[in-house]
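Reproduced below: start-v5.cif, with mmCIF, C-alpha atoms.
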data_upload
#
loop_
_atom_site.label_atom_id
_atom_site.label_comp_id
_atom_site.auth_asym_id
_atom_site.auth_seq_id
_atom_site.Cartn_x
_atom_site.Cartn_y
_atom_site.Cartn_z
CA MET R 282 -2.39 -9.35 -21.30
CA PRO R 283 -2.54 -6.99 -24.28
CA ASN R 284 -1.83 -8.73 -27.59
CA SER R 285 0.99 -6.38 -28.28
CA LEU R 286 2.47 -3.85 -25.94
CA ASP R 287 1.31 -0.39 -26.74
CA SER R 288 3.72 2.48 -26.31
CA ALA R 289 2.03 3.36 -22.99
CA GLU R 290 2.84 -0.07 -21.57
CA LEU R 291 6.42 0.23 -22.84
CA LEU R 292 6.69 3.66 -21.27
CA MET R 293 5.48 2.28 -17.95
CA LEU R 294 8.07 -0.49 -18.09
CA ALA R 295 10.70 2.20 -18.72
CA VAL R 296 9.43 4.18 -15.73
CA GLY R 297 9.88 1.02 -13.70
CA LYS R 298 13.54 1.09 -14.65
CA GLY R 299 13.88 4.65 -13.36
CA ASP R 300 13.24 6.59 -16.55
CA LEU R 301 11.66 9.85 -15.43
CA GLN R 302 11.45 11.12 -18.99
CA ALA R 303 9.17 8.21 -19.75
CA PHE R 304 7.12 9.23 -16.73
CA GLU R 305 6.84 12.77 -18.06
CA GLU R 306 5.64 11.42 -21.40
CA ILE R 307 2.97 9.37 -19.64
CA ILE R 308 1.78 12.47 -17.81
CA ARG R 309 1.72 14.45 -21.04
CA ARG R 310 -0.38 11.82 -22.82
CA HIS R 311 -2.84 10.98 -20.09
CA GLN R 312 -3.24 14.02 -17.90
CA ALA R 313 -6.10 15.58 -19.88
CA TRP R 314 -8.50 12.67 -19.67
CA ALA R 315 -7.49 11.88 -16.10
CA TRP R 316 -8.32 15.46 -15.18
CA LYS R 317 -11.70 15.34 -16.93
CA ILE R 318 -12.77 12.20 -15.10
CA ALA R 319 -11.70 13.59 -11.75
CA TYR R 320 -13.30 16.98 -12.34
CA ARG R 321 -16.58 15.62 -13.67
CA PHE R 322 -16.81 13.22 -10.77
CA LEU R 323 -15.75 15.56 -7.96
CA GLY R 324 -16.94 18.85 -9.41
CA HIS R 325 -14.21 20.66 -7.51
CA ARG R 326 -11.08 21.98 -9.15
CA GLU R 327 -8.63 21.64 -6.29
CA GLU R 328 -9.81 18.19 -5.30
CA ALA R 329 -9.63 17.03 -8.90
CA GLU R 330 -6.09 18.37 -9.09
CA ASP R 331 -5.12 16.49 -5.93
CA VAL R 332 -6.60 13.26 -7.26
CA VAL R 333 -4.80 13.56 -10.60
CA GLN R 334 -1.50 14.27 -8.89
CA ASP R 335 -1.99 11.35 -6.49
CA ALA R 336 -2.90 9.06 -9.39
CA PHE R 337 0.29 9.78 -11.31
CA LEU R 338 2.44 9.48 -8.22
CA ARG R 339 0.85 6.13 -7.48
CA LEU R 340 1.80 5.07 -10.98
CA LEU R 341 5.37 6.09 -10.19
CA ASP R 342 5.39 4.25 -6.87
CA ALA R 343 4.02 1.07 -8.43
CA SER R 344 6.05 1.22 -11.64
CA GLY R 345 8.67 -1.22 -10.41
CA ARG R 346 5.98 -3.83 -9.88
CA TYR R 347 3.99 -2.97 -13.04
CA ARG R 348 3.29 -5.88 -15.35
CA PRO R 349 1.22 -5.25 -18.52
CA THR R 350 -1.43 -7.87 -17.78
CA ALA R 351 -4.06 -5.37 -18.95
CA SER R 352 -3.84 -2.25 -21.09
CA PHE R 353 -2.28 0.76 -19.44
CA LYS R 354 -5.49 2.75 -19.71
CA THR R 355 -7.47 0.02 -17.93
CA TYR R 356 -4.84 0.02 -15.21
CA PHE R 357 -4.93 3.79 -14.84
CA TYR R 358 -8.73 3.93 -14.92
CA ARG R 359 -8.74 1.71 -11.83
CA ILE R 360 -6.32 3.96 -10.00
CA ILE R 361 -8.23 7.15 -10.78
CA THR R 362 -11.60 5.58 -10.05
CA ARG R 363 -10.42 4.27 -6.70
CA LEU R 364 -8.94 7.63 -5.72
CA CYS R 365 -12.11 9.49 -6.76
CA LEU R 366 -14.34 7.13 -4.82
CA ASP R 367 -12.14 7.39 -1.72
CA ARG R 368 -12.22 11.16 -2.03
CA ALA R 369 -15.99 11.17 -2.38
CA LYS R 370 -16.33 9.68 1.07
CA LYS R 371 -15.06 12.86 2.63
CA LYS R 372 -15.70 15.53 0.01
CA GLN R 373 -17.90 18.57 0.16
CA PRO R 374 -21.08 18.59 -1.94
CA LEU R 375 -20.51 19.64 -5.51
CA SER R 376 -19.94 23.33 -5.76
CA VAL R 377 -22.13 25.01 -8.34
CA GLU R 378 -19.61 27.85 -8.44
CA THR R 379 -17.06 25.59 -10.02
CA ILE R 380 -19.02 25.34 -13.23
CA PRO R 381 -16.92 27.30 -15.72
CA ASP R 382 -18.25 30.51 -17.17
CA SER R 383 -18.49 31.05 -20.91
CA PRO R 384 -15.36 32.93 -21.87
CA ASP R 385 -16.90 35.19 -24.46
CA PRO R 386 -20.36 36.74 -24.62
CA ARG R 387 -21.78 35.79 -27.99
CA PRO R 388 -25.02 36.40 -29.80
CA GLY R 389 -27.63 33.99 -28.41
CA VAL R 390 -26.94 34.89 -24.80
CA VAL R 391 -30.32 33.40 -23.83
CA GLU R 392 -29.27 30.03 -25.21
CA GLU R 393 -26.00 30.34 -23.31
CA MET R 394 -27.85 31.01 -20.10
CA MET R 395 -30.13 28.05 -20.66
CA LEU R 396 -27.16 25.81 -21.30
CA ARG R 397 -25.54 27.08 -18.15
CA GLU R 398 -28.72 26.43 -16.17
CA THR R 399 -28.89 22.94 -17.59
CA ALA R 400 -25.27 22.37 -16.64
CA VAL R 401 -26.04 23.57 -13.12
CA ALA R 402 -28.99 21.22 -12.92
CA VAL R 403 -26.96 18.30 -14.27
CA HIS R 404 -24.21 19.04 -11.77
CA ALA R 405 -26.72 18.97 -8.92
CA ALA R 406 -28.34 15.82 -10.26
CA LEU R 407 -25.00 14.03 -10.46
CA ASP R 408 -24.24 15.05 -6.92
CA ALA R 409 -27.45 13.39 -5.78
CA LEU R 410 -26.21 10.01 -7.00
CA SER R 411 -24.19 7.61 -4.91
CA PRO R 412 -20.43 7.76 -5.67
CA THR R 413 -20.41 4.48 -7.59
CA GLN R 414 -23.51 5.44 -9.59
CA ARG R 415 -21.93 8.78 -10.41
CA MET R 416 -18.67 7.16 -11.49
CA ALA R 417 -20.57 4.69 -13.69
CA ILE R 418 -22.34 7.64 -15.38
CA VAL R 419 -19.04 9.52 -15.86
CA LEU R 420 -17.33 6.50 -17.38
CA ARG R 421 -20.30 5.72 -19.62
CA TYR R 422 -21.25 9.15 -20.90
CA TYR R 423 -17.99 11.06 -20.78
CA GLU R 424 -15.44 8.33 -21.37
CA GLY R 425 -17.60 6.15 -23.64
CA LEU R 426 -16.63 2.93 -21.89
CA ASN R 427 -18.74 -0.15 -22.46
CA TYR R 428 -20.05 -2.15 -19.50
CA GLU R 429 -17.02 -4.40 -19.46
CA GLY R 430 -14.68 -1.42 -19.35
CA ILE R 431 -16.69 0.22 -16.58
CA ALA R 432 -16.75 -3.06 -14.67
CA SER R 433 -12.97 -3.33 -14.96
CA ALA R 434 -12.48 0.21 -13.69
CA LEU R 435 -14.87 -0.31 -10.79
CA GLN R 436 -13.62 -3.85 -10.21
CA THR R 437 -17.08 -5.33 -10.44
CA THR R 438 -19.15 -7.24 -12.99
CA PRO R 439 -20.91 -6.00 -16.16
CA LYS R 440 -24.24 -7.05 -14.66
CA ALA R 441 -23.57 -4.93 -11.59
CA VAL R 442 -22.70 -2.02 -13.90
CA GLU R 443 -26.01 -2.52 -15.72
CA ARG R 444 -27.87 -2.23 -12.41
CA LEU R 445 -25.80 0.78 -11.31
CA LEU R 446 -26.55 2.63 -14.54
CA ALA R 447 -30.24 1.71 -14.42
CA ARG R 448 -30.61 3.16 -10.92
CA ALA R 449 -28.50 6.20 -11.76
CA ARG R 450 -30.53 6.93 -14.87
CA GLU R 451 -33.79 6.50 -12.96
CA ARG R 452 -32.65 9.04 -10.42
CA LEU R 453 -31.32 11.48 -13.00
CA ARG R 454 -34.56 11.30 -14.93
CA ALA R 455 -36.60 12.01 -11.81
CA ILE R 456 -34.45 14.98 -10.81
CA LEU R 457 -34.30 16.53 -14.24
CA ARG R 458 -38.01 15.89 -14.78
CA ALA R 459 -38.80 17.69 -11.52
CA ARG R 460 -36.62 20.59 -12.58
CA THR R 461 -38.36 20.81 -15.94
CA ASN R 462 -41.78 20.77 -14.27
CA SER R 463 -40.84 23.42 -11.75
CA SER R 464 -39.41 25.70 -14.42
CA ARG R 465 -42.71 25.58 -16.23
CA LEU R 466 -44.63 26.83 -13.18
CA MET Z 150 -48.65 4.84 -15.18
CA SER Z 151 -46.15 2.00 -14.75
CA CYS Z 152 -45.43 -1.09 -16.75
CA ARG Z 153 -44.60 -4.50 -15.33
CA PHE Z 154 -42.56 -5.59 -18.33
CA LYS Z 155 -39.77 -7.78 -17.01
CA TYR Z 156 -37.05 -6.00 -18.98
CA ARG Z 157 -38.21 -2.48 -18.09
CA HIS Z 158 -35.11 -1.93 -15.95
CA GLN Z 159 -32.90 -2.80 -18.91
CA LEU Z 160 -34.06 -0.08 -21.27
CA GLY Z 161 -30.80 1.76 -20.72
CA ALA Z 162 -28.76 -1.36 -21.46
CA TYR Z 163 -30.89 -1.85 -24.58
CA LEU Z 164 -30.04 1.68 -25.68
CA ASP Z 165 -26.36 1.00 -24.96
CA GLY Z 166 -26.40 -2.16 -27.08
CA GLU Z 167 -25.30 -4.26 -24.13
CA LEU Z 168 -28.04 -6.89 -24.15
CA ASN Z 169 -27.99 -10.29 -25.77
CA PRO Z 170 -30.06 -10.75 -28.97
CA GLN Z 171 -32.93 -12.47 -27.15
CA GLU Z 172 -33.35 -9.67 -24.62
CA SER Z 173 -32.99 -6.95 -27.26
CA GLU Z 174 -35.61 -8.55 -29.43
CA ALA Z 175 -38.01 -8.89 -26.52
CA ILE Z 176 -37.63 -5.22 -25.66
CA ALA Z 177 -38.01 -4.09 -29.27
CA ARG Z 178 -41.26 -6.04 -29.57
CA HIS Z 179 -42.55 -4.63 -26.29
CA LEU Z 180 -41.69 -1.03 -27.19
CA ALA Z 181 -43.84 -1.31 -30.28
CA ASP Z 182 -46.88 -1.74 -28.02
CA CYS Z 183 -46.05 0.12 -24.81
CA ALA Z 184 -46.27 3.91 -24.68
CA THR Z 185 -45.00 3.99 -21.07
CA CYS Z 186 -41.78 2.18 -21.87
CA SER Z 187 -41.35 4.12 -25.09
CA ALA Z 188 -41.60 7.36 -23.12
CA ALA Z 189 -39.14 6.06 -20.55
CA LEU Z 190 -36.70 5.10 -23.29
CA GLU Z 191 -37.01 8.57 -24.79
CA GLU Z 192 -36.21 10.14 -21.37
CA ILE Z 193 -33.14 7.96 -21.09
CA ARG Z 194 -32.14 8.95 -24.61
CA ARG Z 195 -32.41 12.67 -23.69
CA LEU Z 196 -30.08 12.22 -20.73
CA GLU Z 197 -27.09 12.13 -22.99
CA PRO Z 198 -27.31 15.65 -24.47
CA ALA Z 199 -28.19 16.98 -21.02
CA LEU Z 200 -25.17 15.32 -19.45
CA LEU Z 201 -22.91 16.50 -22.23
CA THR Z 202 -23.72 20.15 -21.43
CA LEU Z 203 -21.43 19.61 -18.47
CA ASP Z 204 -17.98 20.21 -19.78
CA ALA Z 205 -14.75 20.17 -17.86
CA PRO Z 206 -12.43 23.16 -17.93
CA PRO Z 207 -8.91 22.61 -19.22
CA SER Z 208 -6.57 21.00 -16.73
CA PRO Z 209 -4.78 23.55 -14.57
CA SER Z 210 -1.64 24.99 -16.02
CA GLY Z 211 1.41 23.87 -14.14
CA LEU Z 212 -0.16 20.59 -13.02
CA THR Z 213 2.38 18.57 -15.00
CA ALA Z 214 5.23 20.61 -13.51
CA ARG Z 215 3.92 20.05 -9.99
CA ILE Z 216 3.62 16.31 -10.52
CA LEU Z 217 7.15 16.15 -11.93
CA ALA Z 218 8.51 18.23 -9.06
CA GLU Z 219 6.98 15.83 -6.59
CA ALA Z 220 8.35 12.90 -8.60
CA GLN Z 221 11.83 14.48 -8.60
CA GLY Z 222 11.59 14.87 -4.85
CA ARG Z 223 10.94 11.18 -4.67
CA LYS Z 224 13.80 10.44 -7.07
CA VAL Z 225 16.20 10.06 -4.14
CA LEU Z 226 13.97 7.29 -2.90
CA PHE Z 227 13.01 6.05 -6.34
CA THR Z 228 15.75 3.95 -7.88
CA PRO Z 229 15.26 0.97 -10.18
CA GLU Z 230 16.38 -1.40 -7.42
CA ARG Z 231 14.28 0.19 -4.76
CA SER Z 232 11.20 0.32 -6.96
CA SER Z 233 10.93 -3.40 -6.31
CA VAL Z 234 11.14 -2.79 -2.57
CA SER Z 235 7.93 -2.15 -0.70
CA PRO Z 236 7.63 1.56 0.18
CA ARG Z 237 7.41 0.74 3.88
CA PHE Z 238 11.07 -0.31 3.79
CA TRP Z 239 12.26 2.73 1.87
CA PRO Z 240 13.58 4.60 4.98
CA LEU Z 241 15.71 1.57 5.99
CA HIS Z 242 16.83 1.06 2.41
CA ARG Z 243 17.73 4.73 2.12
CA TRP Z 244 19.72 4.59 5.38
CA LEU Z 245 21.68 1.60 4.10
CA GLN Z 246 22.33 3.31 0.76
CA GLU Z 247 23.72 6.38 2.54
CA LEU Z 248 26.25 4.41 4.62
CA SER Z 249 29.79 4.00 3.38
CA VAL Z 250 30.95 0.50 2.43
CA PRO Z 251 32.97 -0.04 5.66
CA MET Z 252 29.98 1.09 7.72
CA ARG Z 253 27.66 -1.26 5.86
CA ALA Z 254 30.10 -4.11 6.53
CA ALA Z 255 30.22 -3.14 10.21
CA ALA Z 256 26.39 -3.05 10.41
CA CYS Z 257 26.14 -6.51 8.82
CA ALA Z 258 28.82 -7.86 11.13
CA MET Z 259 26.94 -6.55 14.17
CA VAL Z 260 23.72 -8.17 13.02
CA LEU Z 261 25.53 -11.47 12.45
CA LEU Z 262 27.25 -11.27 15.84
CA ALA Z 263 23.94 -10.60 17.58
CA PHE Z 264 22.42 -13.58 15.82
CA LEU Z 265 25.27 -15.93 16.80
CA LEU Z 266 25.27 -14.64 20.36
CA GLY Z 267 21.60 -15.29 20.67
CA LEU Z 268 21.97 -18.74 19.23
CA THR Z 269 24.80 -19.63 21.63
CA MET Z 270 23.04 -18.23 24.68
CA GLY Z 271 19.92 -20.09 23.74
CA ARG Z 272 21.77 -23.38 23.55
CA GLU Z 273 23.48 -22.78 26.91
CA VAL Z 274 20.17 -22.05 28.61
CA SER Z 275 18.57 -25.15 27.17
CA LEU Z 276 21.54 -27.33 28.20
CA SER Z 277 21.79 -25.92 31.73
CA GLY Z 278 18.09 -26.41 32.16
CA SER Z 279 18.25 -30.20 31.61
CA PRO Z 280 18.72 -32.48 34.68
CA ARG Z 281 22.38 -33.34 35.57
CA GLY Z 282 23.59 -31.38 32.46
CA VAL Z 283 22.75 -34.14 29.98
CA ALA Z 284 24.41 -33.48 26.62
CA PRO Z 285 22.33 -33.78 23.42
CA SER Z 286 24.18 -36.90 22.38
CA GLU Z 287 22.73 -38.66 25.41
CA GLU Z 288 19.14 -37.87 24.54
CA SER Z 289 16.94 -40.66 25.77
CA LEU Z 290 14.24 -42.35 23.78
CA GLU Z 291 11.55 -40.64 25.77
CA GLY Z 292 13.25 -37.26 25.86
CA PHE Z 293 12.14 -36.75 29.46
CA GLU Z 294 15.74 -36.02 30.54
CA TRP Z 295 15.41 -32.63 28.82
CA PHE Z 296 13.06 -31.46 31.47
CA SER Z 297 12.97 -31.43 35.27
CA PRO Z 298 13.00 -34.87 36.99
CA THR Z 299 9.77 -36.78 36.73
CA PRO Z 300 7.97 -36.75 40.07
CA PRO Z 301 7.67 -40.19 41.67
CA LEU Z 302 4.30 -41.99 41.42
CA SER Z 303 3.38 -39.71 38.51
CA LEU Z 304 2.06 -40.81 35.14
CA GLY Z 305 5.40 -39.83 33.61
CA SER Z 306 7.43 -42.01 35.99
CA ALA Z 307 5.05 -44.94 35.34
CA TYR Z 308 5.55 -44.50 31.61
CA LEU Z 309 9.33 -44.34 32.05
CA THR Z 310 9.26 -47.56 34.09
CA MET Z 311 7.20 -49.31 31.42
CA ALA Z 312 9.39 -48.01 28.58
CA SER Z 313 12.58 -49.13 30.35
CA ALA Z 314 11.10 -52.54 31.04
CA SER Z 315 10.03 -53.06 27.43
CA ARG Z 316 13.51 -52.11 26.20
CA GLU Z 317 15.14 -54.60 28.56
CA ILE Z 318 12.79 -57.29 27.29
CA GLY Z 319 13.80 -56.43 23.76
CA GLY Z 320 17.43 -56.76 24.69
CA VAL Z 321 18.35 -53.15 23.93
CA PRO Z 322 21.05 -52.10 26.35
CA ARG Z 323 20.41 -48.89 28.18
#

What is this structure when it is put down as C-alpha cells?
Amino acid sequence: MPNSLDSAELLMLAVGKGDLQAFEEIIRRHQAWAWKIAYRFLGHREEAEDVVQDAFLRLLDASGRYRPTASFKTYFYRIITRLCLDRAKKKQPLSVETIPDSPDPRPGVVEEMMLRETAVAVHAALDALSPTQRMAIVLRYYEGLNYEGIASALQTTPKAVERLLARARERLRAILRARTNSSRL
Amino acid sequence: MSCRFKYRHQLGAYLDGELNPQESEAIARHLADCATCSAALEEIRRLEPALLTLDAPPSPSGLTARILAEAQGRKVLFTPERSSVSPRFWPLHRWLQELSVPMRAAACAMVLLAFLLGLTMGREVSLSGSPRGVAPSEESLEGFEWFSPTPPLSLGSAYLTMASASREIGGVPR
C-alpha cells in the first residue's frame, strides 16, 4: 500500500465511482509512456495503439474493484505488460518499416543514416529475443525500472529478472557484434 | 576466450547496481585481472546507447478521443453500482435496470413463485415416495420407513429386527 495516496490513485478511486472526467485525466497523464512501452515492445504502430486502448479500457472495467495496494503506475505496468506479452504470442515479426524517419534533413546526413541503420539493427535484435526478455529490456533501458520494479510488472522475482536480462544482453551483444563484423567486411 | 568466473553472468547486474556488496566486491576484484570479463562488461555498457537510438514516435493523434469514445459507449453499462458487478453479469444487470418498477416486481414474484412451487413439489414427491405415506413426524429411529419396504431375509430387515428388540429391552415404547 502506498504511504500516501498519490493523485493517480485518487483519480482511479474517482473513476471507480463513475467519474469519467477522472478517467480522461488518467489517460492524459499516462498515455505517452504507455504508448512508448507498447510501441518499443511490439514495434508496430497499430498493434501498439490497440494495446494502449485495451489497457485503459481494462482500467475502466476494473476501476470499481481497484484498491490502491500498490502505486497506480505499478498496477498499470502490469496491465500493459500482460497485454503486450499476450499480443506477442500472435504478432507479426517486427516491421522495419515502422521505424520513424527523420523529419528534417540536416547537415550530417551520414550520421543520421548511421543512426537509422543502428536503430534498424537494434529493432531486429530486440525482435530476436523472447517476449519476456524483450519486455525486461524495454522496462530496464527505456523505463529505467530497477529489478524489483521489473519483477513486479512481470509478476516474477528480481532474481528471475536478473537471469532474463543476462540472457537478453548476451543475445543482443552477439547479434550486434555480428552486425558490426559484417559491416566491416 | 571464455572465463569461468562464477559471477560472469552477473556483469549486467553489477553494472545496474543490483548486487549485494559481497558480490559487487568480488566482481570488481576480478575485473581488475580479467581482460575477457572487462571486455564483456564494456560490450554490455555499449548496449545502452545502441538501444537508446530506438526512439518511439509520438502517440497517435486522436488516441485519447478514441479511448474516451469507447469508454462513453460503455457508460451505459458502467455505473458505480455495476462497476462492482462482474462483467459477465452486465447483460442481466442491464436488462433489470431497463425494466420498469412494476415489471421488476413481477419478475421477482415469478422467481419466488417458481422457487416455492419447486419446494412444495419436492416435498410431495418425497412424501408420496415413502411406504404407507408416513409423515415426517413419524420418522423412525432407523429412518428406513423413508424408503421402499425392506426385503425379508435381507441385512436391512435383520438390522431392523435387532434394533426393535434392543429398544424393547430398554423399555422404550414403539

Hey, list the chain R side of the contact with chain Z: 8 Å cut-off, all atoms listed in the file, answer as a PDB file with C-alpha atoms, in the coordinates of the input.
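Dumped to part.pdb:
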ATOM      1  CA  GLY R 297       9.880   1.020 -13.700  1.00  0.00           C
ATOM      2  CA  LYS R 298      13.540   1.090 -14.650  1.00  0.00           C
ATOM      3  CA  GLY R 299      13.880   4.650 -13.360  1.00  0.00           C
ATOM      4  CA  GLU R 305       6.840  12.770 -18.060  1.00  0.00           C
ATOM      5  CA  ILE R 308       1.780  12.470 -17.810  1.00  0.00           C
ATOM      6  CA  ARG R 309       1.720  14.450 -21.040  1.00  0.00           C
ATOM      7  CA  GLN R 312      -3.240  14.020 -17.900  1.00  0.00           C
ATOM      8  CA  ALA R 313      -6.100  15.580 -19.880  1.00  0.00           C
ATOM      9  CA  TRP R 316      -8.320  15.460 -15.180  1.00  0.00           C
ATOM     10  CA  LYS R 317     -11.700  15.340 -16.930  1.00  0.00           C
ATOM     11  CA  TYR R 320     -13.300  16.980 -12.340  1.00  0.00           C
ATOM     12  CA  ARG R 321     -16.580  15.620 -13.670  1.00  0.00           C
ATOM     13  CA  GLU R 330      -6.090  18.370  -9.090  1.00  0.00           C
ATOM     14  CA  GLN R 334      -1.500  14.270  -8.890  1.00  0.00           C
ATOM     15  CA  PHE R 337       0.290   9.780 -11.310  1.00  0.00           C
ATOM     16  CA  LEU R 338       2.440   9.480  -8.220  1.00  0.00           C
ATOM     17  CA  LEU R 341       5.370   6.090 -10.190  1.00  0.00           C
ATOM     18  CA  ASP R 342       5.390   4.250  -6.870  1.00  0.00           C
ATOM     19  CA  ALA R 343       4.020   1.070  -8.430  1.00  0.00           C
ATOM     20  CA  SER R 344       6.050   1.220 -11.640  1.00  0.00           C
ATOM     21  CA  GLY R 345       8.670  -1.220 -10.410  1.00  0.00           C
ATOM     22  CA  ARG R 346       5.980  -3.830  -9.880  1.00  0.00           C
ATOM     23  CA  PRO R 381     -16.920  27.300 -15.720  1.00  0.00           C
ATOM     24  CA  LEU R 396     -27.160  25.810 -21.300  1.00  0.00           C
ATOM     25  CA  ARG R 397     -25.540  27.080 -18.150  1.00  0.00           C
ATOM     26  CA  THR R 399     -28.890  22.940 -17.590  1.00  0.00           C
ATOM     27  CA  ALA R 400     -25.270  22.370 -16.640  1.00  0.00           C
ATOM     28  CA  VAL R 403     -26.960  18.300 -14.270  1.00  0.00           C
ATOM     29  CA  HIS R 404     -24.210  19.040 -11.770  1.00  0.00           C
ATOM     30  CA  TYR R 422     -21.250   9.150 -20.900  1.00  0.00           C
ATOM     31  CA  TYR R 423     -17.990  11.060 -20.780  1.00  0.00           C
ATOM     32  CA  ASN R 427     -18.740  -0.150 -22.460  1.00  0.00           C
ATOM     33  CA  TYR R 428     -20.050  -2.150 -19.500  1.00  0.00           C
ATOM     34  CA  GLU R 443     -26.010  -2.520 -15.720  1.00  0.00           C
ATOM     35  CA  LEU R 446     -26.550   2.630 -14.540  1.00  0.00           C
ATOM     36  CA  ALA R 447     -30.240   1.710 -14.420  1.00  0.00           C
ATOM     37  CA  ARG R 450     -30.530   6.930 -14.870  1.00  0.00           C
ATOM     38  CA  LEU R 453     -31.320  11.480 -13.000  1.00  0.00           C
ATOM     39  CA  ARG R 454     -34.560  11.300 -14.930  1.00  0.00           C
TER      40      ARG R 454
END

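Minimum distance to Leu457 of chain R across R:Leu426, R:Leu445, R:Leu407, R:Thr438 (counting only C-alpha atoms) occurs at R:Leu407.
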
(message) Report as a ChimeraX atom specification all protein, DNA and RNA residues lying within 10 Å of segment 180-183 of chain Z, evaluated on only C-alpha atoms, omitting residues in the same chain fewer than 5 positions from it.
(response) /Z:152,154,157,160,174-175,188,190

(message) Here is a test: counting only C-alpha atoms, which residue of R:Leu340, R:Leu410, R:Arg310, R:Val333 is nearest to Ala455 of chain R?
(response) R:Leu410

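Atom pair atom CA of Ala289 of chain R / atom CA of Ile361 of chain R: separated by 16.4 Å.
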
(request) Can you turn the PyMOL selection byres ((chain R and resi 353) around 12) into a concrete residue list for this file, as a PyMOL selection string? (result) chain R and resi 282-283+285-294+307+310-311+340+344+347-352+354-360+434

Segment 365-370 of chain R environment, 7 Å, only C-alpha atoms, sequence neighbours closer than 4 positions dropped, as a CSV table (one decimal) with C-alpha atoms, keeping the file's coordinate frame:
chain,number,residue,atom,x,y,z
R,319,ALA,CA,-11.7,13.6,-11.8
R,332,VAL,CA,-6.6,13.3,-7.3
R,361,ILE,CA,-8.2,7.2,-10.8
R,412,PRO,CA,-20.4,7.8,-5.7

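Note that the spacing between atom CA of Tyr163 of chain Z and atom CA of Ile456 of chain R amounts to 22.0 Å.
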
(request) Enter the distance from atom CA of His325 of chain R to atom CA of Gln436 of chain R, in Å, rounded to one decimal. (result) 24.7 Å

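Of the residues under consideration (R:Arg452, R:Arg415, R:Arg460, R:Arg326), R:Arg460 shows the shortest atom-to-atom contact distance to Glu398 of chain R when counting all atoms listed in the file.
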